[in-house]
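*Asks:* What follows is model04.pdb, PDB, C-alpha atoms.
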ATOM      1  CA  MET A   4      37.545 180.835  26.899
ATOM      2  CA  GLN A   5      36.701 177.606  28.681
ATOM      3  CA  TRP A   6      38.617 175.284  30.937
ATOM      4  CA  LYS A   7      40.064 172.199  29.302
ATOM      5  CA  THR A   8      38.265 168.979  30.235
ATOM      6  CA  PRO A   9      39.391 167.550  33.593
ATOM      7  CA  GLU A  10      41.065 164.660  31.707
ATOM      8  CA  ARG A  11      43.053 167.010  29.430
ATOM      9  CA  TRP A  12      43.864 169.225  32.413
ATOM     10  CA  GLU A  13      45.380 166.260  34.273
ATOM     11  CA  GLU A  14      47.511 165.509  31.200
ATOM     12  CA  LEU A  15      48.603 169.133  30.922
ATOM     13  CA  LYS A  16      49.564 169.212  34.599
ATOM     14  CA  LYS A  17      51.874 166.283  33.875
ATOM     15  CA  GLY A  18      53.300 168.163  30.869
ATOM     16  CA  ILE A  19      51.828 165.712  28.335
ATOM     17  CA  ASN A  20      51.654 167.510  24.970
ATOM     18  CA  CYS A  21      52.046 170.851  26.721
ATOM     19  CA  PRO A  22      51.975 173.492  23.959
ATOM     20  CA  MET A  23      53.973 175.930  26.097
ATOM     21  CA  CYS A  24      56.861 173.473  26.525
ATOM     22  CA  LEU A  25      57.155 173.629  22.718
ATOM     23  CA  ASP A  26      56.360 177.322  22.217
ATOM     24  CA  PHE A  27      58.391 179.074  24.888
ATOM     25  CA  PRO A  28      61.913 178.252  23.584
ATOM     26  CA  GLN A  29      61.095 179.349  19.979
ATOM     27  CA  PRO A  30      62.694 182.580  18.660
ATOM     28  CA  GLU A  31      59.203 183.463  17.411
ATOM     29  CA  ASN A  32      55.910 181.668  17.954
ATOM     30  CA  LYS A  33      52.301 182.582  17.167
ATOM     31  CA  PHE A  34      52.016 184.873  20.190
ATOM     32  CA  SER A  35      55.440 186.217  21.081
ATOM     33  CA  PHE A  36      59.149 186.744  20.443
ATOM     34  CA  LEU A  37      62.022 185.394  22.536
ATOM     35  CA  VAL A  38      63.859 188.308  24.171
ATOM     36  CA  THR A  39      66.462 186.387  26.121
ATOM     37  CA  GLU A  40      67.135 183.221  28.076
ATOM     38  CA  LEU A  41      67.850 183.511  31.806
ATOM     39  CA  LYS A  42      68.843 180.853  34.367
ATOM     40  CA  GLN A  43      65.455 179.219  34.792
ATOM     41  CA  SER A  44      63.323 181.015  32.247
ATOM     42  CA  TYR A  45      62.653 182.387  28.799
ATOM     43  CA  VAL A  46      61.792 186.083  28.615
ATOM     44  CA  ARG A  47      59.238 186.716  25.849
ATOM     45  CA  LEU A  48      57.686 189.806  24.248
ATOM     46  CA  PRO A  49      54.010 189.183  23.337
ATOM     47  CA  LYS A  50      52.958 190.428  19.906
ATOM     48  CA  ASN A  51      49.799 191.898  21.400
ATOM     49  CA  GLN A  52      51.196 195.039  23.018
ATOM     50  CA  TYR A  53      47.864 196.496  24.121
ATOM     51  CA  CYS A  54      49.587 197.035  27.469
ATOM     52  CA  PHE A  55      52.787 198.624  26.235
ATOM     53  CA  GLY A  56      55.890 196.862  27.540
ATOM     54  CA  TYR A  57      53.932 193.729  28.475
ATOM     55  CA  THR A  58      56.455 190.900  28.914
ATOM     56  CA  ILE A  59      56.303 187.234  29.947
ATOM     57  CA  VAL A  60      58.854 185.299  32.012
ATOM     58  CA  ALA A  61      58.269 181.589  31.392
ATOM     59  CA  PHE A  62      59.767 178.784  33.492
ATOM     60  CA  LYS A  63      61.844 176.494  31.254
ATOM     61  CA  ARG A  64      60.841 173.070  32.519
ATOM     62  CA  HIS A  65      57.223 172.043  32.913
ATOM     63  CA  ALA A  66      55.778 172.848  36.350
ATOM     64  CA  ASN A  67      52.314 174.041  37.354
ATOM     65  CA  GLU A  68      52.424 175.477  40.856
ATOM     66  CA  LEU A  69      55.216 177.288  42.714
ATOM     67  CA  PHE A  70      55.474 174.541  45.335
ATOM     68  CA  GLU A  71      56.551 172.047  42.654
ATOM     69  CA  LEU A  72      59.869 173.879  42.240
ATOM     70  CA  SER A  73      63.021 173.054  44.181
ATOM     71  CA  GLN A  74      64.293 175.796  46.471
ATOM     72  CA  GLN A  75      66.988 176.678  43.924
ATOM     73  CA  GLU A  76      64.555 176.728  40.994
ATOM     74  CA  LEU A  77      62.109 178.910  42.926
ATOM     75  CA  SER A  78      64.820 181.326  43.968
ATOM     76  CA  GLU A  79      66.384 181.572  40.500
ATOM     77  CA  PHE A  80      63.020 181.869  38.726
ATOM     78  CA  TRP A  81      62.111 184.899  40.835
ATOM     79  CA  GLU A  82      65.568 186.388  40.333
ATOM     80  CA  ASP A  83      64.849 186.106  36.595
ATOM     81  CA  VAL A  84      61.507 187.877  37.083
ATOM     82  CA  ALA A  85      63.138 190.592  39.206
ATOM     83  CA  ILE A  86      65.933 191.146  36.644
ATOM     84  CA  THR A  87      63.317 191.488  33.896
ATOM     85  CA  ALA A  88      61.159 193.831  35.984
ATOM     86  CA  ARG A  89      64.158 196.043  36.744
ATOM     87  CA  ALA A  90      64.969 196.287  33.027
ATOM     88  CA  LEU A  91      61.348 197.172  32.174
ATOM     89  CA  ASP A  92      61.273 199.727  34.983
ATOM     90  CA  GLU A  93      64.410 201.408  33.658
ATOM     91  CA  ILE A  94      63.111 201.493  30.081
ATOM     92  CA  TYR A  95      59.438 202.404  30.561
ATOM     93  CA  HIS A  96      59.221 204.016  34.060
ATOM     94  CA  PRO A  97      55.824 202.525  34.930
ATOM     95  CA  THR A  98      53.845 203.651  37.980
ATOM     96  CA  LYS A  99      53.659 200.023  39.150
ATOM     97  CA  ILE A 100      54.507 196.623  37.749
ATOM     98  CA  ASP A 101      51.966 193.801  38.063
ATOM     99  CA  TYR A 102      53.396 190.283  38.433
ATOM    100  CA  LEU A 103      50.653 187.843  37.481
ATOM    101  CA  ILE A 104      50.661 184.063  37.334
ATOM    102  CA  PHE A 105      47.439 182.504  36.029
ATOM    103  CA  GLY A 106      47.798 179.513  33.718
ATOM    104  CA  HIS A 107      44.070 179.000  33.039
ATOM    105  CA  HIS A 108      44.719 178.160  29.366
ATOM    106  CA  CYS A 109      47.623 175.936  30.261
ATOM    107  CA  PRO A 110      49.145 175.493  33.729
ATOM    108  CA  HIS A 111      52.814 175.681  32.592
ATOM    109  CA  LEU A 112      54.347 178.238  34.991
ATOM    110  CA  HIS A 113      54.788 181.710  33.470
ATOM    111  CA  CYS A 114      54.599 185.194  34.949
ATOM    112  CA  HIS A 115      52.977 188.134  33.124
ATOM    113  CA  LEU A 116      54.660 191.475  33.753
ATOM    114  CA  VAL A 117      52.115 194.216  33.075
ATOM    115  CA  LEU A 118      53.224 197.829  33.326
ATOM    116  CA  GLN A 119      50.688 200.122  34.944
ATOM    117  CA  THR A 120      50.748 203.880  34.456
ATOM    118  CA  PHE A 121      48.620 206.713  35.843
ATOM    119  CA  ASP A 122      46.782 206.640  32.480
ATOM    120  CA  ASN A 123      45.493 203.098  33.094
ATOM    121  CA  ASP A 124      42.327 202.461  35.057
ATOM    122  CA  PRO A 125      43.746 200.936  38.265
ATOM    123  CA  SER A 126      40.473 199.159  39.108
ATOM    124  CA  VAL A 127      40.693 197.131  35.906
ATOM    125  CA  ALA A 128      43.400 194.833  37.007
ATOM    126  CA  VAL A 129      44.171 192.896  33.878
ATOM    127  CA  LYS A 130      43.578 194.278  30.425
ATOM    128  CA  MET A 131      46.336 192.619  28.488
ATOM    129  CA  ASP A 132      43.973 190.562  26.296
ATOM    130  CA  GLU A 133      41.071 192.984  26.113
ATOM    131  CA  LYS A 134      42.139 194.423  22.789
ATOM    132  CA  GLU A 135      44.726 193.541  20.205
ATOM    133  CA  VAL A 136      47.440 196.051  19.409
ATOM    134  CA  PHE A 137      50.146 194.854  17.056
ATOM    135  CA  LEU A 138      53.270 196.822  16.252
ATOM    136  CA  LYS A 139      55.507 197.060  13.214
ATOM    137  CA  PRO A 140      58.184 194.343  13.118
ATOM    138  CA  LYS A 141      60.959 196.884  13.631
ATOM    139  CA  LYS A 142      59.291 198.174  16.798
ATOM    140  CA  TYR A 143      59.377 194.696  18.362
ATOM    141  CA  GLN A 144      63.028 194.382  17.464
ATOM    142  CA  ASP A 145      63.745 197.755  19.076
ATOM    143  CA  MET A 146      61.935 196.709  22.235
ATOM    144  CA  ILE A 147      63.786 193.392  22.357
ATOM    145  CA  LYS A 148      67.133 195.140  21.933
ATOM    146  CA  LYS A 149      66.387 197.619  24.724
ATOM    147  CA  THR A 150      65.401 194.867  27.151
TER     148      THR A 150
ATOM    149  CA  MET B 157      39.029 203.295  42.444
ATOM    150  CA  GLN B 158      41.535 205.920  41.379
ATOM    151  CA  TRP B 159      45.293 206.179  41.528
ATOM    152  CA  LYS B 160      46.665 208.241  44.371
ATOM    153  CA  THR B 161      48.123 211.585  43.307
ATOM    154  CA  PRO B 162      51.684 211.331  41.961
ATOM    155  CA  GLU B 163      52.908 213.139  45.110
ATOM    156  CA  ARG B 164      51.159 210.708  47.490
ATOM    157  CA  TRP B 165      52.317 207.781  45.340
ATOM    158  CA  GLU B 166      55.952 208.889  45.702
ATOM    159  CA  GLU B 167      55.470 209.031  49.477
ATOM    160  CA  LEU B 168      53.839 205.592  49.527
ATOM    161  CA  LYS B 169      56.694 204.128  47.506
ATOM    162  CA  LYS B 170      59.034 205.368  50.214
ATOM    163  CA  GLY B 171      56.773 203.792  52.873
ATOM    164  CA  ILE B 172      55.704 207.164  54.308
ATOM    165  CA  ASN B 173      52.435 206.623  56.184
ATOM    166  CA  CYS B 174      51.944 203.310  54.391
ATOM    167  CA  PRO B 175      48.636 201.890  55.703
ATOM    168  CA  MET B 176      49.726 198.332  54.894
ATOM    169  CA  CYS B 177      52.861 198.619  57.065
ATOM    170  CA  LEU B 178      50.439 199.227  59.948
ATOM    171  CA  ASP B 179      47.660 196.826  58.918
ATOM    172  CA  PHE B 180      49.489 193.667  57.901
ATOM    173  CA  PRO B 181      50.932 192.704  61.334
ATOM    174  CA  GLN B 182      47.557 193.127  63.130
ATOM    175  CA  PRO B 183      45.733 189.983  64.360
ATOM    176  CA  GLU B 184      42.624 191.490  62.777
ATOM    177  CA  ASN B 185      42.262 194.608  60.666
ATOM    178  CA  LYS B 186      39.377 196.047  58.654
ATOM    179  CA  PHE B 187      39.918 193.672  55.748
ATOM    180  CA  SER B 188      41.548 190.484  57.020
ATOM    181  CA  PHE B 189      42.761 188.177  59.784
ATOM    182  CA  LEU B 190      46.361 187.176  60.472
ATOM    183  CA  VAL B 191      46.781 183.442  59.798
ATOM    184  CA  THR B 192      50.467 183.082  60.559
ATOM    185  CA  GLU B 193      53.838 184.782  60.344
ATOM    186  CA  LEU B 194      56.477 183.273  58.068
ATOM    187  CA  LYS B 195      60.135 184.236  57.486
ATOM    188  CA  GLN B 196      59.564 187.319  55.352
ATOM    189  CA  SER B 197      55.797 187.658  55.385
ATOM    190  CA  TYR B 198      52.436 187.754  57.103
ATOM    191  CA  VAL B 199      49.838 185.308  55.797
ATOM    192  CA  ARG B 200      46.350 186.872  55.963
ATOM    193  CA  LEU B 201      42.800 185.633  55.358
ATOM    194  CA  PRO B 202      40.644 188.369  53.777
ATOM    195  CA  LYS B 203      37.161 188.776  55.270
ATOM    196  CA  ASN B 204      35.685 188.992  51.782
ATOM    197  CA  GLN B 205      35.746 185.319  50.786
ATOM    198  CA  TYR B 206      33.918 185.724  47.474
ATOM    199  CA  CYS B 207      36.707 183.557  46.054
ATOM    200  CA  PHE B 208      36.689 180.818  48.655
ATOM    201  CA  GLY B 209      40.119 180.194  50.147
ATOM    202  CA  TYR B 210      41.446 183.562  48.940
ATOM    203  CA  THR B 211      44.611 184.340  50.947
ATOM    204  CA  ILE B 212      47.227 187.106  50.970
ATOM    205  CA  VAL B 213      50.963 186.765  51.616
ATOM    206  CA  ALA B 214      52.308 190.198  52.553
ATOM    207  CA  PHE B 215      55.986 191.118  52.670
ATOM    208  CA  LYS B 216      56.881 192.329  56.188
ATOM    209  CA  ARG B 217      59.059 195.309  55.422
ATOM    210  CA  HIS B 218      58.015 198.038  53.029
ATOM    211  CA  ALA B 219      59.056 197.375  49.426
ATOM    212  CA  ASN B 220      57.271 198.095  46.157
ATOM    213  CA  GLU B 221      58.812 196.056  43.380
ATOM    214  CA  LEU B 222      60.466 192.623  43.430
ATOM    215  CA  PHE B 223      63.822 194.062  42.363
ATOM    216  CA  GLU B 224      64.013 196.104  45.582
ATOM    217  CA  LEU B 225      64.457 192.896  47.610
ATOM    218  CA  SER B 226      67.821 191.374  48.467
ATOM    219  CA  GLN B 227      68.473 187.922  47.006
ATOM    220  CA  GLN B 228      67.720 186.336  50.392
ATOM    221  CA  GLU B 229      64.506 188.331  50.901
ATOM    222  CA  LEU B 230      63.303 187.475  47.403
ATOM    223  CA  SER B 231      64.057 183.791  47.850
ATOM    224  CA  GLU B 232      62.465 183.563  51.297
ATOM    225  CA  PHE B 233      59.399 185.598  50.305
ATOM    226  CA  TRP B 234      58.627 183.176  47.476
ATOM    227  CA  GLU B 235      59.278 180.204  49.749
ATOM    228  CA  ASP B 236      56.623 181.724  52.034
ATOM    229  CA  VAL B 237      54.233 182.029  49.080
ATOM    230  CA  ALA B 238      54.961 178.454  47.972
ATOM    231  CA  ILE B 239      54.429 177.073  51.507
ATOM    232  CA  THR B 240      51.097 178.896  51.699
ATOM    233  CA  ALA B 241      50.049 177.716  48.231
ATOM    234  CA  ARG B 242      50.880 174.108  49.117
ATOM    235  CA  ALA B 243      48.747 174.347  52.269
ATOM    236  CA  LEU B 244      45.820 175.844  50.308
ATOM    237  CA  ASP B 245      46.205 173.167  47.637
ATOM    238  CA  GLU B 246      46.030 170.400  50.232
ATOM    239  CA  ILE B 247      42.975 171.892  51.945
ATOM    240  CA  TYR B 248      40.901 173.091  48.982
ATOM    241  CA  HIS B 249      42.167 171.108  45.937
ATOM    242  CA  PRO B 250      41.793 173.954  43.441
ATOM    243  CA  THR B 251      42.144 173.429  39.687
ATOM    244  CA  LYS B 252      44.795 176.154  39.584
ATOM    245  CA  ILE B 253      46.205 178.738  41.951
ATOM    246  CA  ASP B 254      46.649 182.318  40.749
ATOM    247  CA  TYR B 255      49.572 184.261  42.241
ATOM    248  CA  LEU B 256      48.875 187.951  41.708
ATOM    249  CA  ILE B 257      50.856 191.002  42.714
ATOM    250  CA  PHE B 258      49.195 194.336  41.930
ATOM    251  CA  GLY B 259      49.512 197.081  44.532
ATOM    252  CA  HIS B 260      47.445 199.705  42.710
ATOM    253  CA  HIS B 261      45.836 200.889  45.970
ATOM    254  CA  CYS B 262      49.165 200.853  47.742
ATOM    255  CA  PRO B 263      52.461 199.547  46.352
ATOM    256  CA  HIS B 264      53.512 197.633  49.527
ATOM    257  CA  LEU B 265      54.454 194.182  48.183
ATOM    258  CA  HIS B 266      51.768 191.518  48.750
ATOM    259  CA  CYS B 267      50.732 188.487  46.739
ATOM    260  CA  HIS B 268      47.074 187.470  46.294
ATOM    261  CA  LEU B 269      46.516 183.718  46.149
ATOM    262  CA  VAL B 270      43.234 183.094  44.326
ATOM    263  CA  LEU B 271      41.993 179.524  44.013
ATOM    264  CA  GLN B 272      40.458 178.703  40.654
ATOM    265  CA  THR B 273      38.096 175.770  40.159
ATOM    266  CA  PHE B 274      36.346 174.362  37.093
ATOM    267  CA  ASP B 275      33.231 176.219  38.341
ATOM    268  CA  ASN B 276      34.901 179.628  37.893
ATOM    269  CA  ASP B 277      34.903 181.424  34.585
ATOM    270  CA  PRO B 278      38.570 181.107  33.533
ATOM    271  CA  SER B 279      38.391 184.134  31.229
ATOM    272  CA  VAL B 280      37.525 186.390  34.167
ATOM    273  CA  ALA B 281      40.918 186.462  35.687
ATOM    274  CA  VAL B 282      40.363 188.345  38.894
ATOM    275  CA  LYS B 283      37.035 188.369  40.664
ATOM    276  CA  MET B 284      38.113 188.655  44.247
ATOM    277  CA  ASP B 285      36.585 192.105  44.781
ATOM    278  CA  GLU B 286      33.621 191.800  42.441
ATOM    279  CA  LYS B 287      31.212 190.846  45.212
ATOM    280  CA  GLU B 288      31.361 190.740  48.958
ATOM    281  CA  VAL B 289      30.862 187.426  50.699
ATOM    282  CA  PHE B 290      31.390 187.470  54.445
ATOM    283  CA  LEU B 291      31.394 184.353  56.595
ATOM    284  CA  LYS B 292      30.435 183.670  60.192
ATOM    285  CA  PRO B 293      33.273 184.390  62.641
ATOM    286  CA  LYS B 294      33.645 180.696  63.502
ATOM    287  CA  LYS B 295      34.140 179.825  59.833
ATOM    288  CA  TYR B 296      37.127 182.196  59.561
ATOM    289  CA  GLN B 297      38.599 180.633  62.685
ATOM    290  CA  ASP B 298      38.164 177.147  61.189
ATOM    291  CA  MET B 299      39.871 178.252  57.965
ATOM    292  CA  ILE B 300      42.740 179.855  59.889
ATOM    293  CA  LYS B 301      43.238 176.695  61.958
ATOM    294  CA  LYS B 302      43.299 174.470  58.881
ATOM    295  CA  THR B 303      45.885 176.639  57.118
TER     296      THR B 303
END
For the structure just supplied, provide its representation as structure tokens.

*Replies:*
Amino acid sequence: MQWKTPERWEELKKGINCPMCLDFPQPENKFSFLVTELKQSYVRLPKNQYCFGYTIVAFKRHANELFELSQQELSEFWEDVAITARALDEIYHPTKIDYLIFGHHCPHLHCHLVLQTFDNDPSVAVKMDEKEVFLKPKKYQDMIKKT
Amino acid sequence: MQWKTPERWEELKKGINCPMCLDFPQPENKFSFLVTELKQSYVRLPKNQYCFGYTIVAFKRHANELFELSQQELSEFWEDVAITARALDEIYHPTKIDYLIFGHHCPHLHCHLVLQTFDNDPSVAVKMDEKEVFLKPKKYQDMIKKT
């Protein structure tokens, strides 16, 4: 993986041809399924479930950094994340939930919820893309229904 | 690094002998300096500045997961993070800011702000502990003043 060129990055920060603006509302895209729509965000289940239960909460409108959000947007976005985390906690009982905002591929604000268990290596902070683990279609549907 | 035992983890989740409850309010502790106190959090500058500008926003009271916060706490905590991120953005002009909540050592809620630049490898998501880079005392003081 490489950074986009500085010119393309500036465009992306403005939301020009942002692939995530197009992808996040879709019921299914190349990488994930839509689980539900909350106040400020789309909750999505990535197809790569190498970290079981791994879920994304994506901000609906294009924004890059948290300080670009209005007070209401910021507050409601994190309520959406907290609601999602509570649901995942009740379903999967993780040891700890990681809440991770990167955006190195594309700066459109989205939060990765990664469920850590005592079986994971805690010193390896982020493994969600290290391997690819795909499930049977029915399994995704079951997970979506539970969440 | 290893997980704590399940018994110690349960204690830590309850805030029993939580080292971060003691460390975060200190002007200086083993790992970091206090930069400022905001509504719900302490802003701290880690001594290891391998990722230059790396800053922590730590929730004042003991809580583990975002859904344990009241609506007001959640909203004000993220306002604190956004205020800090805006300040770091104005000082250091990063390409992207990462907002990372782990808590594998200790589940006391704190958010790592890691500043990414085009010089960093974007596929290596978290490098803040990979090496140790310590600065001269005056440099920390300059950084604290600027923030």

*Asks:* What do you get, as a VMD selection string, if you spell out every residue that the PyMOL selection byres ((chain A) within 7 of (chain B)) selects here?

*Replies:* chain A and resid 4 to 6 69 to 70 78 85 to 86 88 to 89 101 to 105 107 121 125 to 126

*Asks:* Please evaluate the PyMOL selection byres ((chain B and resi 209) around 12) against the displayed coordinates and give the resulting residues as a VMD selection string.

*Replies:* chain B and resid 200 to 208 210 to 212 240 to 241 243 to 250 253 to 254 268 to 273 284 289 291 295 to 296 298 to 300 302 to 303

*Asks:* Can you tell me how far atom CA of Phe36 of chain A sits from atom CA of Leu15 of chain A, in Å to one decimal?

*Replies:*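 The value is 23.0 Å.
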
*Asks:* Between atom CA of Val60 of chain A and atom CA of Asn32 of chain A, what distance in Å does the model show, to one decimal?

*Replies:*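 Atom CA of Val60 of chain A sits 14.8 Å away from atom CA of Asn32 of chain A.
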
*Asks:* Is it possible to get the superposed chain B, fitted on chain A over all Cα pairs by sequence order, as a CSV table (one decimal) with C-alpha atoms, keeping the file's coordinate frame?

*Replies:*
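And here's result10.csv as it stands now:
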chain,number,residue,atom,x,y,z
B,157,MET,CA,37.6,180.8,26.9
B,158,GLN,CA,36.7,177.6,28.7
B,159,TRP,CA,38.6,175.3,31.0
B,160,LYS,CA,40.0,172.2,29.3
B,161,THR,CA,38.3,169.0,30.2
B,162,PRO,CA,39.4,167.5,33.6
B,163,GLU,CA,41.1,164.7,31.7
B,164,ARG,CA,43.1,167.0,29.4
B,165,TRP,CA,43.9,169.2,32.4
B,166,GLU,CA,45.4,166.2,34.3
B,167,GLU,CA,47.5,165.5,31.2
B,168,LEU,CA,48.6,169.1,30.9
B,169,LYS,CA,49.6,169.2,34.6
B,170,LYS,CA,51.9,166.3,33.9
B,171,GLY,CA,53.3,168.2,30.9
B,172,ILE,CA,51.8,165.7,28.3
B,173,ASN,CA,51.6,167.5,25.0
B,174,CYS,CA,52.0,170.9,26.7
B,175,PRO,CA,52.0,173.5,24.0
B,176,MET,CA,54.0,175.9,26.1
B,177,CYS,CA,56.9,173.5,26.5
B,178,LEU,CA,57.1,173.6,22.7
B,179,ASP,CA,56.4,177.3,22.2
B,180,PHE,CA,58.4,179.1,24.9
B,181,PRO,CA,61.9,178.3,23.6
B,182,GLN,CA,61.1,179.4,20.0
B,183,PRO,CA,62.7,182.6,18.7
B,184,GLU,CA,59.2,183.5,17.4
B,185,ASN,CA,55.9,181.7,18.0
B,186,LYS,CA,52.3,182.6,17.2
B,187,PHE,CA,52.0,184.9,20.2
B,188,SER,CA,55.4,186.2,21.1
B,189,PHE,CA,59.1,186.7,20.4
B,190,LEU,CA,62.0,185.4,22.5
B,191,VAL,CA,63.9,188.3,24.2
B,192,THR,CA,66.5,186.4,26.1
B,193,GLU,CA,67.1,183.2,28.1
B,194,LEU,CA,67.9,183.5,31.8
B,195,LYS,CA,68.8,180.9,34.4
B,196,GLN,CA,65.5,179.2,34.8
B,197,SER,CA,63.3,181.0,32.2
B,198,TYR,CA,62.7,182.4,28.8
B,199,VAL,CA,61.8,186.1,28.6
B,200,ARG,CA,59.2,186.7,25.8
B,201,LEU,CA,57.7,189.8,24.3
B,202,PRO,CA,54.0,189.2,23.3
B,203,LYS,CA,53.0,190.4,19.9
B,204,ASN,CA,49.8,191.9,21.4
B,205,GLN,CA,51.2,195.0,23.0
B,206,TYR,CA,47.9,196.5,24.1
B,207,CYS,CA,49.6,197.0,27.5
B,208,PHE,CA,52.8,198.6,26.2
B,209,GLY,CA,55.9,196.9,27.5
B,210,TYR,CA,53.9,193.7,28.5
B,211,THR,CA,56.5,190.9,28.9
B,212,ILE,CA,56.3,187.2,30.0
B,213,VAL,CA,58.9,185.3,32.0
B,214,ALA,CA,58.3,181.6,31.4
B,215,PHE,CA,59.7,178.8,33.5
B,216,LYS,CA,61.8,176.5,31.3
B,217,ARG,CA,60.8,173.1,32.5
B,218,HIS,CA,57.2,172.0,32.9
B,219,ALA,CA,55.8,172.9,36.3
B,220,ASN,CA,52.3,174.0,37.4
B,221,GLU,CA,52.4,175.5,40.9
B,222,LEU,CA,55.2,177.3,42.7
B,223,PHE,CA,55.5,174.5,45.3
B,224,GLU,CA,56.5,172.0,42.7
B,225,LEU,CA,59.9,173.9,42.2
B,226,SER,CA,63.0,173.0,44.2
B,227,GLN,CA,64.3,175.8,46.5
B,228,GLN,CA,67.0,176.7,43.9
B,229,GLU,CA,64.6,176.7,41.0
B,230,LEU,CA,62.1,178.9,42.9
B,231,SER,CA,64.8,181.3,44.0
B,232,GLU,CA,66.4,181.6,40.5
B,233,PHE,CA,63.0,181.9,38.7
B,234,TRP,CA,62.1,184.9,40.8
B,235,GLU,CA,65.6,186.4,40.3
B,236,ASP,CA,64.8,186.1,36.6
B,237,VAL,CA,61.5,187.9,37.1
B,238,ALA,CA,63.1,190.6,39.2
B,239,ILE,CA,65.9,191.2,36.6
B,240,THR,CA,63.3,191.5,33.9
B,241,ALA,CA,61.2,193.8,36.0
B,242,ARG,CA,64.2,196.0,36.8
B,243,ALA,CA,65.0,196.3,33.0
B,244,LEU,CA,61.4,197.2,32.2
B,245,ASP,CA,61.3,199.7,35.0
B,246,GLU,CA,64.4,201.4,33.7
B,247,ILE,CA,63.1,201.5,30.1
B,248,TYR,CA,59.4,202.4,30.6
B,249,HIS,CA,59.2,204.0,34.1
B,250,PRO,CA,55.8,202.5,34.9
B,251,THR,CA,53.8,203.6,38.0
B,252,LYS,CA,53.6,200.0,39.2
B,253,ILE,CA,54.5,196.6,37.8
B,254,ASP,CA,52.0,193.8,38.1
B,255,TYR,CA,53.4,190.3,38.4
B,256,LEU,CA,50.6,187.8,37.5
B,257,ILE,CA,50.6,184.1,37.3
B,258,PHE,CA,47.4,182.5,36.0
B,259,GLY,CA,47.8,179.5,33.7
B,260,HIS,CA,44.1,179.0,33.1
B,261,HIS,CA,44.7,178.2,29.4
B,262,CYS,CA,47.6,175.9,30.3
B,263,PRO,CA,49.1,175.5,33.7
B,264,HIS,CA,52.8,175.7,32.6
B,265,LEU,CA,54.3,178.2,35.0
B,266,HIS,CA,54.8,181.7,33.5
B,267,CYS,CA,54.6,185.2,35.0
B,268,HIS,CA,53.0,188.1,33.1
B,269,LEU,CA,54.7,191.5,33.8
B,270,VAL,CA,52.1,194.2,33.1
B,271,LEU,CA,53.2,197.8,33.3
B,272,GLN,CA,50.7,200.1,35.0
B,273,THR,CA,50.8,203.9,34.5
B,274,PHE,CA,48.6,206.7,35.9
B,275,ASP,CA,46.8,206.6,32.5
B,276,ASN,CA,45.5,203.1,33.1
B,277,ASP,CA,42.3,202.4,35.1
B,278,PRO,CA,43.7,200.9,38.3
B,279,SER,CA,40.5,199.2,39.1
B,280,VAL,CA,40.7,197.1,35.9
B,281,ALA,CA,43.4,194.8,37.0
B,282,VAL,CA,44.2,192.9,33.9
B,283,LYS,CA,43.6,194.3,30.4
B,284,MET,CA,46.3,192.6,28.5
B,285,ASP,CA,44.0,190.6,26.3
B,286,GLU,CA,41.1,193.0,26.1
B,287,LYS,CA,42.2,194.4,22.8
B,288,GLU,CA,44.7,193.6,20.2
B,289,VAL,CA,47.4,196.1,19.4
B,290,PHE,CA,50.1,194.9,17.0
B,291,LEU,CA,53.3,196.8,16.2
B,292,LYS,CA,55.5,197.1,13.2
B,293,PRO,CA,58.2,194.3,13.1
B,294,LYS,CA,61.0,196.9,13.6
B,295,LYS,CA,59.3,198.2,16.8
B,296,TYR,CA,59.4,194.7,18.3
B,297,GLN,CA,63.0,194.4,17.4
B,298,ASP,CA,63.8,197.8,19.0
B,299,MET,CA,61.9,196.7,22.2
B,300,ILE,CA,63.8,193.4,22.3
B,301,LYS,CA,67.1,195.2,21.9
B,302,LYS,CA,66.4,197.6,24.7
B,303,THR,CA,65.4,194.9,27.1

*Asks:* I need the residue nearest Glu184 of chain B from this list: B:Lys287, B:Leu265, B:Arg164, B:Val199. Use all atoms listed in the file for the distance.

*Replies:*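 Residue with the minimum atom-to-atom distance to Glu184 of chain B: B:Val199.
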